[in-house]
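What follows is the content of upload-v8.txt, which has compact mmCIF, C-alpha atoms:
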# COMPACT_ATOMS: atom_id res chain seq x y z
CA MET I 763 158.75 158.35 118.95
CA LEU I 764 160.43 156.27 116.24
CA SER I 765 158.98 153.14 114.66
CA GLY I 766 160.64 150.17 112.99
CA GLY I 767 161.45 149.59 109.36
CA GLY I 768 164.96 148.23 108.84
CA ALA I 769 166.92 150.28 106.31
CA ARG I 770 164.03 152.73 106.24
CA GLY I 771 165.38 154.09 109.52
CA ALA I 772 167.48 156.46 107.40
CA TYR I 773 164.23 158.24 106.52
CA GLU I 774 163.68 158.91 110.23
CA VAL I 775 166.97 160.71 110.75
CA GLY I 776 166.41 162.72 107.57
CA ALA I 777 163.09 163.97 108.95
CA LEU I 778 164.60 164.67 112.37
CA SER I 779 167.45 166.65 110.83
CA VAL I 780 164.88 169.31 109.93
CA ILE I 781 162.22 169.11 112.62
CA LEU I 782 164.42 168.86 115.73
CA PRO I 783 166.52 172.01 115.06
CA ALA I 784 163.27 173.84 114.26
CA LEU I 785 161.84 172.81 117.63
CA GLU I 786 165.05 173.70 119.42
CA ALA I 787 164.77 177.22 117.96
CA ARG I 788 161.33 177.37 119.65
CA ASP I 789 162.84 176.17 122.95
CA GLU I 790 160.95 172.88 122.57
CA SER I 791 163.75 170.32 122.43
CA PRO I 792 162.57 166.76 123.18
CA THR I 793 163.76 165.26 126.44
CA GLN I 794 162.43 161.75 125.90
CA PHE I 795 163.29 159.24 123.19
CA ILE I 796 161.52 155.95 122.55
CA GLY I 797 161.85 153.58 119.63
CA THR I 798 161.12 150.15 118.22
CA SER I 799 163.53 148.11 116.08
CA VAL I 800 165.64 150.45 113.95
CA GLY I 801 163.79 153.29 115.66
CA ALA I 802 165.33 152.06 118.93
CA ILE I 803 168.80 152.39 117.40
CA ASN I 804 168.05 155.93 116.25
CA ALA I 805 166.49 156.86 119.60
CA ALA I 806 169.47 155.59 121.61
CA GLY I 807 171.94 157.23 119.22
CA LEU I 808 170.23 160.61 119.54
CA ALA I 809 169.95 160.34 123.32
CA ALA I 810 173.67 159.62 123.55
CA MET I 811 174.50 162.81 121.62
CA TRP I 812 171.77 165.09 122.91
CA HIS I 813 174.19 167.12 125.06
CA LEU I 814 175.59 168.50 121.78
CA GLY I 815 172.30 170.14 120.80
CA ALA I 816 169.71 169.03 118.29
CA GLU I 817 171.45 170.02 115.06
CA GLU I 818 174.83 168.53 115.97
CA ALA I 819 173.29 165.36 117.45
CA VAL I 820 171.23 164.61 114.36
CA SER I 821 174.16 165.49 112.10
CA ARG I 822 176.32 162.90 113.82
CA VAL I 823 173.63 160.22 113.60
CA ILE I 824 173.30 160.98 109.88
CA ASP I 825 177.09 160.63 109.54
CA LEU I 826 176.76 157.16 111.04
CA TRP I 827 174.01 156.26 108.58
CA HIS I 828 176.25 157.36 105.72
CA GLN I 829 178.68 154.66 106.84
CA VAL I 830 176.06 151.90 106.94
CA ASP I 831 176.09 149.24 104.25
CA LYS I 832 175.04 145.62 104.08
CA ASP I 833 178.34 144.31 105.43
CA SER I 834 177.97 146.44 108.58
CA VAL I 835 174.58 144.85 109.34
CA ILE I 836 174.63 141.22 108.13
CA ARG I 837 177.27 138.68 107.16
CA PRO I 838 177.65 137.84 103.44
CA ILE I 839 174.90 135.43 102.47
CA LEU I 840 176.83 133.38 99.92
CA SER I 841 180.05 133.03 101.88
CA TRP I 842 178.69 130.33 104.17
CA GLN I 843 175.22 131.23 105.32
CA VAL I 844 173.12 129.68 102.55
CA PRO I 845 174.78 126.24 102.82
CA ILE I 846 174.62 126.23 106.62
CA THR I 847 171.01 127.43 106.67
CA ALA I 848 170.07 124.81 104.10
CA LEU I 849 171.67 122.05 106.17
CA ARG I 850 169.99 123.30 109.34
CA TYR I 851 166.64 123.49 107.59
CA ALA I 852 167.05 119.96 106.27
CA GLY I 853 168.01 118.79 109.73
CA GLY I 854 164.90 120.44 111.17
CA VAL I 855 162.65 118.80 108.60
CA LEU I 856 164.22 115.43 109.37
CA SER I 857 163.83 116.08 113.12
CA LEU I 858 167.52 115.66 113.79
CA PRO I 859 168.39 116.43 117.43
CA ARG I 860 169.89 119.83 118.27
CA VAL I 861 169.44 121.09 114.73
CA ARG I 862 167.54 124.38 114.59
CA VAL I 863 167.07 127.21 112.11
CA PRO I 864 167.46 130.44 114.11
CA SER I 865 167.13 132.83 111.15
CA LEU I 866 167.73 133.36 107.46
CA LEU I 867 170.37 136.06 108.03
CA ASP I 868 173.22 136.54 110.49
CA PRO I 869 173.29 140.04 112.06
CA GLY I 870 176.67 139.49 113.71
CA PRO I 871 178.14 142.72 112.27
CA LEU I 872 175.19 144.73 113.60
CA LYS I 873 175.72 143.34 117.09
CA ALA I 874 179.38 144.33 116.99
CA ASN I 875 178.73 147.78 115.53
CA LEU I 876 176.08 148.80 118.04
CA GLY I 877 178.90 149.25 120.54
CA HIS I 878 180.62 151.68 118.16
CA TRP I 879 177.58 153.52 116.85
CA ILE I 880 176.04 154.31 120.24
CA ASP I 881 178.09 155.98 122.98
CA TRP I 882 176.54 154.16 125.92
CA PRO I 883 178.57 155.86 128.69
CA GLN I 884 177.54 159.26 127.34
CA LEU I 885 173.89 158.16 127.14
CA HIS I 886 173.99 157.17 130.80
CA LYS I 887 175.63 160.50 131.67
CA ASN I 888 172.99 162.46 129.74
CA VAL I 889 170.29 160.70 131.75
CA ARG I 890 172.09 161.31 135.06
CA ASP I 891 172.64 164.98 134.23
CA GLY I 892 169.01 165.52 133.24
CA VAL I 893 169.84 166.32 129.61
CA VAL I 894 167.55 163.41 128.74
CA ASP I 895 164.61 162.45 130.96
CA SER I 896 164.17 158.94 129.61
CA VAL I 897 165.06 156.53 126.83
CA GLY I 898 162.71 153.66 126.01
CA ILE I 899 163.55 150.57 123.96
CA VAL I 900 160.62 148.34 122.91
CA ALA I 901 161.11 144.58 122.52
CA THR I 902 158.88 141.50 122.50
CA SER I 903 159.28 138.54 124.82
CA ALA I 904 159.80 135.51 122.57
CA GLY I 905 158.20 133.20 125.11
CA SER I 906 155.08 135.11 126.17
CA GLY I 907 154.63 137.56 123.31
CA ARG I 908 154.36 140.37 125.83
CA THR I 909 155.68 143.82 124.92
CA VAL I 910 158.50 144.93 127.21
CA VAL I 911 159.75 148.51 127.37
CA PHE I 912 163.30 148.65 128.70
CA ALA I 913 163.64 152.19 130.04
CA GLU I 914 166.42 154.26 131.51
CA GLY I 915 165.55 157.59 133.05
CA SER I 916 164.83 159.64 136.12
CA SER I 917 163.16 157.90 139.02
CA ASP I 918 160.06 160.11 138.68
CA VAL I 919 159.59 159.22 135.00
CA LEU I 920 160.03 155.51 135.57
CA ALA I 921 157.72 155.55 138.59
CA ALA I 922 155.04 157.24 136.51
CA ALA I 923 155.37 154.58 133.81
CA THR I 924 155.03 151.67 136.21
CA GLU I 925 151.77 153.14 137.52
CA HIS I 926 150.17 152.45 134.14
CA ARG I 927 149.14 148.87 134.60
CA SER I 928 148.62 147.01 131.36
CA HIS I 929 147.94 143.40 130.47
CA VAL I 930 150.07 143.69 127.33
CA ILE I 931 152.97 146.02 128.23
CA SER I 932 155.59 145.71 130.95
CA TYR I 933 157.97 148.53 131.92
CA VAL I 934 161.43 147.47 133.07
CA ALA I 935 163.83 150.03 134.52
CA THR I 936 167.41 149.20 133.57
CA LYS I 937 170.75 150.52 132.42
CA LEU I 938 170.40 150.25 128.65
CA GLY I 939 172.95 148.58 126.43
CA GLY I 940 173.50 146.91 123.10
CA GLU I 941 171.59 143.78 124.10
CA HIS I 942 168.36 145.74 124.53
CA VAL I 943 168.64 147.54 121.20
CA GLY I 944 169.72 144.34 119.47
CA ALA I 945 166.68 142.55 120.86
CA SER I 946 164.38 145.33 119.69
CA ALA I 947 165.77 144.97 116.15
CA ALA I 948 165.68 141.16 115.94
CA ILE I 949 163.28 140.87 112.98
CA PRO I 950 161.66 137.41 113.13
CA ILE I 951 162.68 134.95 110.39
CA PHE I 952 165.41 137.27 109.12
CA PHE I 953 167.33 137.76 112.42
CA PRO I 954 167.63 135.37 115.38
CA PRO I 955 166.21 136.15 118.84
CA VAL I 956 168.51 137.97 121.27
CA HIS I 957 169.09 136.94 124.87
CA VAL I 958 168.82 139.82 127.34
CA ALA I 959 170.58 139.21 130.65
CA SER I 960 169.99 142.53 132.42
CA PRO I 961 168.07 143.17 134.53
CA ARG I 962 167.84 139.67 135.91
CA ARG I 963 164.11 139.84 136.59
CA ALA I 964 163.45 140.38 132.87
CA ALA I 965 166.16 138.06 131.54
CA GLY I 966 165.17 135.94 128.58
CA TRP I 967 164.93 135.78 124.79
CA TYR I 968 163.46 138.69 122.86
CA ILE I 969 162.53 139.54 119.29
CA ASP I 970 161.68 142.71 117.38
CA GLY I 971 159.44 145.07 119.32
CA GLY I 972 157.48 145.76 116.15
CA THR I 973 155.96 142.28 116.15
CA ARG I 974 153.57 143.44 118.89
CA LEU I 975 154.00 147.20 119.17
CA SER I 976 155.52 148.90 116.15
CA ALA I 977 154.17 152.31 117.17
CA PRO I 978 154.98 152.92 120.86
CA LEU I 979 152.61 155.85 121.39
CA LYS I 980 151.20 154.45 124.62
CA PRO I 981 154.64 153.87 126.20
CA ALA I 982 155.66 157.40 125.19
CA LEU I 983 152.62 158.84 126.94
CA ASP I 984 153.04 156.51 129.92
CA LEU I 985 156.61 157.79 130.29
CA GLY I 986 155.18 161.29 130.64
CA ALA I 987 155.41 162.80 127.16
CA LYS I 988 153.32 165.98 126.83
CA ARG I 989 153.84 166.36 123.07
CA LEU I 990 154.86 163.82 120.44
CA VAL I 991 157.10 163.98 117.40
CA VAL I 992 156.33 160.87 115.35
CA VAL I 993 158.03 159.71 112.15
CA GLY I 994 156.19 157.21 109.96
CA MET I 995 157.58 154.98 107.23
CA ASP I 996 154.74 155.16 104.72
CA ALA I 997 152.09 157.57 103.54
CA VAL I 998 148.74 157.93 105.23
CA GLY I 999 146.28 156.71 102.64
CA GLU I 1000 145.00 153.68 100.81
CA PRO I 1001 147.50 151.37 99.13
CA ALA I 1002 147.73 151.50 95.37
CA ARG I 1003 145.03 149.41 93.70
CA GLY I 1004 146.04 146.74 91.23
CA PRO I 1005 144.62 146.66 87.70
CA ALA I 1006 141.09 145.34 87.30
CA GLY I 1007 140.96 141.64 86.52
CA ASP I 1008 144.52 140.96 87.73
CA ASP I 1009 144.37 137.33 88.76
CA GLN I 1010 148.09 136.57 88.98
CA PRO I 1011 148.79 134.37 91.99
CA PRO I 1012 150.77 136.09 94.76
CA ASP I 1013 154.21 134.84 95.70
CA PHE I 1014 156.30 134.84 98.88
CA GLY I 1015 157.10 138.54 98.61
CA ASP I 1016 153.46 139.59 98.31
CA GLY I 1017 152.47 137.70 101.42
CA TRP I 1018 155.43 138.79 103.53
CA LEU I 1019 154.97 142.43 102.56
CA HIS I 1020 151.39 142.37 103.86
CA VAL I 1021 152.69 140.90 107.13
CA LEU I 1022 155.27 143.68 107.47
CA GLN I 1023 152.82 146.40 106.53
CA GLY I 1024 150.27 145.04 108.97
CA GLN I 1025 152.84 144.98 111.78
CA LEU I 1026 154.87 148.12 111.10
CA VAL I 1027 152.83 150.61 109.10
CA ASP I 1028 149.10 150.19 109.65
CA PRO I 1029 149.15 150.29 113.48
CA LEU I 1030 151.11 153.54 113.49
CA ILE I 1031 148.70 155.25 111.12
CA GLU I 1032 145.70 154.07 113.11
CA ASP I 1033 147.27 155.17 116.40
CA ILE I 1034 147.92 158.64 115.02
CA ARG I 1035 144.32 158.89 113.84
CA MET I 1036 143.12 157.70 117.24
CA LEU I 1037 145.30 160.29 118.97
CA GLY I 1038 143.71 163.06 116.93
CA ASN I 1039 140.24 161.72 117.66
CA ALA I 1040 140.97 161.50 121.40
CA ASN I 1041 142.28 165.08 121.37
CA ILE I 1042 139.01 166.32 119.90
CA PHE I 1043 136.44 164.15 121.66
CA PHE I 1044 137.98 163.34 125.05
CA GLY I 1045 140.82 165.75 125.74
CA GLY I 1046 140.05 167.91 128.76
CA GLY I 1047 136.60 168.65 130.09
CA ASP I 1048 134.26 166.65 132.29
CA GLY I 1049 132.68 164.38 129.71
CA ALA I 1050 131.47 160.86 130.30
CA ALA I 1051 134.79 159.33 129.19
CA ASN I 1052 136.78 161.26 131.78
CA LYS I 1053 134.21 160.60 134.49
CA TYR I 1054 134.55 156.89 133.74
CA ARG I 1055 138.34 157.16 134.00
CA ALA I 1056 138.02 159.01 137.30
CA VAL I 1057 135.89 156.18 138.72
CA ARG I 1058 138.63 153.73 137.72
CA GLY I 1059 141.25 155.88 139.44
CA LYS I 1060 142.91 157.00 136.22
CA ALA I 1061 143.92 160.46 135.11
CA PRO I 1062 141.61 162.19 132.60
CA TYR I 1063 142.33 162.22 128.91
CA ARG I 1064 144.39 165.22 127.90
CA VAL I 1065 145.16 167.01 124.67
CA VAL I 1066 148.48 165.84 123.22
CA PRO I 1067 149.75 168.06 120.39
CA TYR I 1068 151.78 166.13 117.85
CA ILE I 1069 153.90 166.34 114.73
CA PHE I 1070 153.64 163.48 112.27
CA ILE I 1071 156.06 163.23 109.36
CA ALA I 1072 155.65 160.55 106.71
CA PRO I 1073 156.21 160.09 102.98
CA GLY I 1074 153.87 162.10 100.80
CA GLN I 1075 152.92 159.24 98.48
CA ALA I 1076 152.16 155.59 99.15
CA GLY I 1077 154.85 153.27 97.86
CA ILE I 1078 157.42 155.97 97.16
CA ILE I 1079 160.10 154.32 99.32
CA GLY I 1080 159.66 151.02 97.49
CA LYS I 1081 159.92 152.88 94.20
CA LEU I 1082 163.18 154.47 95.31
CA ALA I 1083 164.54 151.04 96.33
CA SER I 1084 163.69 149.63 92.89
CA GLU I 1085 165.31 152.54 91.07
CA VAL I 1086 168.54 152.35 93.09
CA PHE I 1087 168.66 148.58 92.68
CA LYS I 1088 168.31 148.86 88.90
CA ALA I 1089 171.00 151.52 88.71
CA ASN I 1090 173.50 149.75 90.98
CA TYR I 1091 172.87 146.05 90.46
CA GLY I 1092 171.53 145.61 86.94
CA GLY I 1093 167.81 145.42 87.53
CA LEU I 1094 165.37 143.48 89.64
CA GLY I 1095 165.77 139.77 89.05
CA GLU I 1096 168.47 140.16 86.37
CA MET I 1097 172.26 140.08 86.05
CA ARG I 1098 172.74 142.09 82.90
CA GLY I 1099 176.12 141.90 81.25
CA ILE I 1100 177.33 139.09 83.51
CA LYS I 1101 178.32 135.85 81.78
CA GLY I 1102 179.72 133.88 84.64
CA TRP I 1103 180.17 133.75 88.40
CA ARG I 1104 183.71 135.11 88.08
CA ARG I 1105 182.38 138.31 86.61
CA LEU I 1106 180.09 139.17 89.48
CA SER I 1107 180.85 142.76 90.43
CA ALA I 1108 181.16 142.09 94.16
CA LEU I 1109 179.96 139.76 96.88
CA ARG I 1110 177.93 142.63 98.27
CA GLY I 1111 176.06 143.05 94.98
CA THR I 1112 175.60 139.31 94.66
CA ASP I 1113 173.95 139.19 98.07
CA PHE I 1114 171.49 141.88 97.09
CA ARG I 1115 170.67 140.06 93.85
CA LEU I 1116 170.13 136.81 95.71
CA LEU I 1117 167.99 138.48 98.35
CA ASN I 1118 165.91 140.23 95.73
CA ARG I 1119 165.52 137.02 93.73
CA LEU I 1120 164.12 135.30 96.81
CA LEU I 1121 161.48 138.04 97.00
CA GLY I 1122 160.11 137.27 93.53
CA ASP I 1123 159.73 139.09 90.24
CA GLU I 1124 160.06 142.80 89.58
CA SER I 1125 157.07 144.74 90.90
CA PRO I 1126 156.25 147.64 93.24
CA THR I 1127 155.47 145.06 95.92
CA HIS I 1128 158.96 143.65 95.81
CA GLY I 1129 160.52 147.09 95.81
CA GLU I 1130 158.65 147.77 99.04
CA LEU I 1131 159.82 144.53 100.62
CA LEU I 1132 163.40 144.98 99.43
CA SER I 1133 163.53 148.43 101.03
CA TYR I 1134 163.44 146.98 104.54
CA LEU I 1135 166.76 145.16 104.06
CA PHE I 1136 168.35 147.25 101.31
CA PHE I 1137 171.35 148.65 103.18
CA ASP I 1138 172.78 150.34 100.11
CA ARG I 1139 174.47 153.72 100.59
CA ASP I 1140 172.77 155.38 97.60
CA PHE I 1141 169.39 154.19 98.87
CA ILE I 1142 170.18 155.42 102.38
CA ASP I 1143 171.22 158.84 101.01
CA GLY I 1144 167.96 159.03 99.07
CA LEU I 1145 165.92 158.18 102.17
CA ILE I 1146 167.67 160.85 104.25
CA LYS I 1147 166.90 163.48 101.61
CA MET I 1148 163.29 162.29 101.35
CA GLY I 1149 162.76 162.49 105.11
CA ALA I 1150 164.20 166.01 105.21
CA GLU I 1151 161.93 167.14 102.37
CA ASP I 1152 158.82 165.74 104.05
CA ALA I 1153 159.73 167.46 107.33
CA ARG I 1154 160.11 170.78 105.51
CA ARG I 1155 156.73 170.21 103.90
CA TRP I 1156 155.12 169.81 107.35
CA LEU I 1157 156.70 173.05 108.56
CA GLU I 1158 155.87 175.00 105.39
CA LEU I 1159 152.22 174.00 105.46
CA ALA I 1160 151.72 174.68 109.16
CA ASP I 1161 149.20 177.34 110.07
CA GLY I 1162 151.61 180.08 111.08
CA PRO I 1163 154.78 179.48 113.14
CA ASP I 1164 153.22 176.74 115.29
CA PRO I 1165 154.09 173.29 113.84
CA TRP I 1166 151.92 171.31 116.28
CA GLN I 1167 148.61 169.69 115.39
CA ILE I 1168 145.83 168.36 117.60
CA GLU I 1169 143.10 167.34 115.12
CA PRO I 1170 143.02 163.96 113.37
CA LEU I 1171 145.02 163.66 110.18
CA ALA I 1172 143.14 163.94 106.92
CA ARG I 1173 141.91 160.56 105.76
CA PHE I 1174 144.17 160.68 102.72
CA ILE I 1175 147.45 162.54 102.64
CA ASP I 1176 149.44 162.59 99.41
CA SER I 1177 151.67 165.04 97.63
CA SER I 1178 148.95 167.69 97.75
CA PRO I 1179 149.05 170.17 100.66
CA ARG I 1180 147.73 168.76 103.91
CA PRO I 1181 144.99 170.63 105.77
CA HIS I 1182 146.39 173.46 107.84
CA PRO I 1183 146.53 172.30 111.47
CA ARG I 1184 144.80 174.49 113.95
CA SER I 1185 147.20 176.08 116.38
CA ALA I 1186 147.80 173.66 119.22
CA THR I 1187 148.93 176.27 121.70
CA SER I 1188 145.53 177.65 122.62
CA ALA I 1189 143.77 174.31 122.31
CA ALA I 1190 146.17 172.58 124.68
CA ALA I 1191 145.69 175.32 127.23
What would you get if you wrote out this structure as structure tokens?
Amino acid sequence: MLSGGGARGAYEVGALSVILPALEARDESPTQFIGTSVGAINAAGLAAMWHLGAEEAVSRVIDLWHQVDKDSVIRPILSWQVPITALRYAGGVLSLPRVRVPSLLDPGPLKANLGHWIDWPQLHKNVRDGVVDSVGIVATSAGSGRTVVFAEGSSDVLAAATEHRSHVISYVATKLGGEHVGASAAIPIFFPPVHVASPRRAAGWYIDGGTRLSAPLKPALDLGAKRLVVVGMDAVGEPARGPAGDDQPPDFGDGWLHVLQGQLVDPLIEDIRMLGNANIFFGGGDGAANKYRAVRGKAPYRVVPYIFIAPGQAGIIGKLASEVFKANYGGLGEMRGIKGWRRLSALRGTDFRLLNRLLGDESPTHGELLSYLFFDRDFIDGLIKMGAEDARRWLELADGPDPWQIEPLARFIDSSPRPHPRSATSAAA
């Protein structure tokens, strides 16, 4: 189960490069993949290569991430986009007919590259051959705000999912393609909505799945998952506290970061805590909660062992983004050593400087916000290494050879060793 986070998706594949081969060695290879936003891209990419085995599949997805840069995701901002966006915005303010502002950035290159990065025919074959049971892509209906899970899989898996009636989530069986993944990754404001044509009954405009469901734990369980491997994009713990008496007014970046954190990070952490609580208090047995579910015609709660990999310290990804930006582009908010527009190092670097300038002054907050759109190869390499290190930490601190956990996570998890998880094997039984 892979969540959203823009460029932070490189952290996910770094973590999976360690944990998935370890599980394969235990004969516990995942057979279901579900993701939101960039997590949907990673999930589909892995599913398309799963016939190669865990280690080779993840290795190839990492190779793709090593090729990712800004120009493979968005068009150059200064080439034409800023003037056109400015004119469109002015037209919208003046209420000119047929003048709309679809987004701040143009993800045209991403749309084109999804067809190259993901081997869709092989994904379909893996599903048909039973190598993969199901693949789920989470998007949000732009009109209704309803979460839609586009799923491709065996008839039994999809039938089981549709039995879980929900007033907020719809399950749509379909043959997946670039339009579904593109819709899942259409970050509001930054990227425009994506029109999905197939299947016809769910046709319409969609935006990033993370706007309503950044952490698709429920869809994963509804699709029949018995155990969960979850990769988070930030540490489990309180955010860093500002200095006492700091009364500096917040800017655009501060506000937008809280929106992103509230949509992408906080729900995942809370869902993981809730999963651990449900395992302990409701999983199995004939308690009141399960009796109530039986009356409603629902299956009882069950114990769901899980693995949760996330950064060890809050804000460490934003710190890495700031450090790489300073090293490669002259510092946050500055153009050191540049005396004129002709001496700009490259259009790519100029775009990053402009984007960062729009986010405000240098601060940990702006490093965090920059990290979501910082498609720089050095930053991506650093994220992959960080994810791999955090996955090794989970395995090294496990209680014996069993990497699964059933209890709730500790309230605060930082660079110190996490509590040893109790073996999930006996508890699940």
Separating CA of Ser834 (chain I) from CA of Leu872 (chain I), to the nearest tenth of an Å, is a gap of 6.0 Å
For Ala913 (chain I): contacts at 12 Å, all atoms listed in the file, fewer than 6 positions along chain excluded, given as an mmCIF file with C-alpha atoms, keeping the file's coordinate frame:
data_model
loop_
_atom_site.group_PDB
_atom_site.id
_atom_site.type_symbol
_atom_site.label_atom_id
_atom_site.label_comp_id
_atom_site.auth_asym_id
_atom_site.auth_seq_id
_atom_site.Cartn_x
_atom_site.Cartn_y
_atom_site.Cartn_z
ATOM 1 C CA GLN I 794 162.430 161.750 125.900
ATOM 2 C CA PHE I 795 163.290 159.240 123.190
ATOM 3 C CA ILE I 796 161.520 155.950 122.550
ATOM 4 C CA GLY I 797 161.850 153.580 119.630
ATOM 5 C CA ALA I 802 165.330 152.060 118.930
ATOM 6 C CA ALA I 805 166.490 156.860 119.600
ATOM 7 C CA ALA I 806 169.470 155.590 121.610
ATOM 8 C CA HIS I 886 173.990 157.170 130.800
ATOM 9 C CA VAL I 889 170.290 160.700 131.750
ATOM 10 C CA VAL I 894 167.550 163.410 128.740
ATOM 11 C CA ASP I 895 164.610 162.450 130.960
ATOM 12 C CA SER I 896 164.170 158.940 129.610
ATOM 13 C CA VAL I 897 165.060 156.530 126.830
ATOM 14 C CA GLY I 898 162.710 153.660 126.010
ATOM 15 C CA ILE I 899 163.550 150.570 123.960
ATOM 16 C CA VAL I 900 160.620 148.340 122.910
ATOM 17 C CA ALA I 901 161.110 144.580 122.520
ATOM 18 C CA VAL I 919 159.590 159.220 135.000
ATOM 19 C CA LEU I 920 160.030 155.510 135.570
ATOM 20 C CA ALA I 921 157.720 155.550 138.590
ATOM 21 C CA ALA I 922 155.040 157.240 136.510
ATOM 22 C CA ALA I 923 155.370 154.580 133.810
ATOM 23 C CA THR I 924 155.030 151.670 136.210
ATOM 24 C CA SER I 932 155.590 145.710 130.950
ATOM 25 C CA TYR I 933 157.970 148.530 131.920
ATOM 26 C CA VAL I 934 161.430 147.470 133.070
ATOM 27 C CA ALA I 935 163.830 150.030 134.520
ATOM 28 C CA THR I 936 167.410 149.200 133.570
ATOM 29 C CA LYS I 937 170.750 150.520 132.420
ATOM 30 C CA LEU I 938 170.400 150.250 128.650
ATOM 31 C CA GLY I 939 172.950 148.580 126.430
ATOM 32 C CA HIS I 942 168.360 145.740 124.530
ATOM 33 C CA VAL I 943 168.640 147.540 121.200
ATOM 34 C CA SER I 960 169.990 142.530 132.420
ATOM 35 C CA PRO I 961 168.070 143.170 134.530
ATOM 36 C CA PRO I 981 154.640 153.870 126.200
ATOM 37 C CA ALA I 982 155.660 157.400 125.190
ATOM 38 C CA ASP I 984 153.040 156.510 129.920
ATOM 39 C CA LEU I 985 156.610 157.790 130.290
#
Please report the interatomic distance between CA of Gly971 (chain I) and CA of Met995 (chain I) in Å with one decimal.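 Calculated distance between CA of Gly971 (chain I) and CA of Met995 (chain I) is 15.7 Å.
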For each of I:Ala777, I:Ala787, I:Ile1042, I:Ala997, take the minimum atom-to-atom distance to Tyr1063 (chain I), counting all atoms listed in the file, then give the residue where this is smallest. I:Ile1042
Measuring between only C-alpha atoms, which one of I:Phe953, I:Phe1070, I:Phe912, I:Phe1043 shows the shortest distance to Leu1157 (chain I)? I:Phe1070
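With all atoms listed in the file as the atoms that count, the minimum distance from Thr909 (chain I) to the choices I:Arg974, I:Lys1088, I:Arg963, I:His957 is reached by I:Arg974.
Interatomic distance, CA of Gly1144 (chain I) against CA of Pro792 (chain I): 25.9 Å.
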Using all atoms listed in the file, pick whichever of I:Pro1029, I:Pro869, I:Gly768, I:Pro1067 has the shortest atom-to-atom distance to Pro1165 (chain I). I:Pro1067
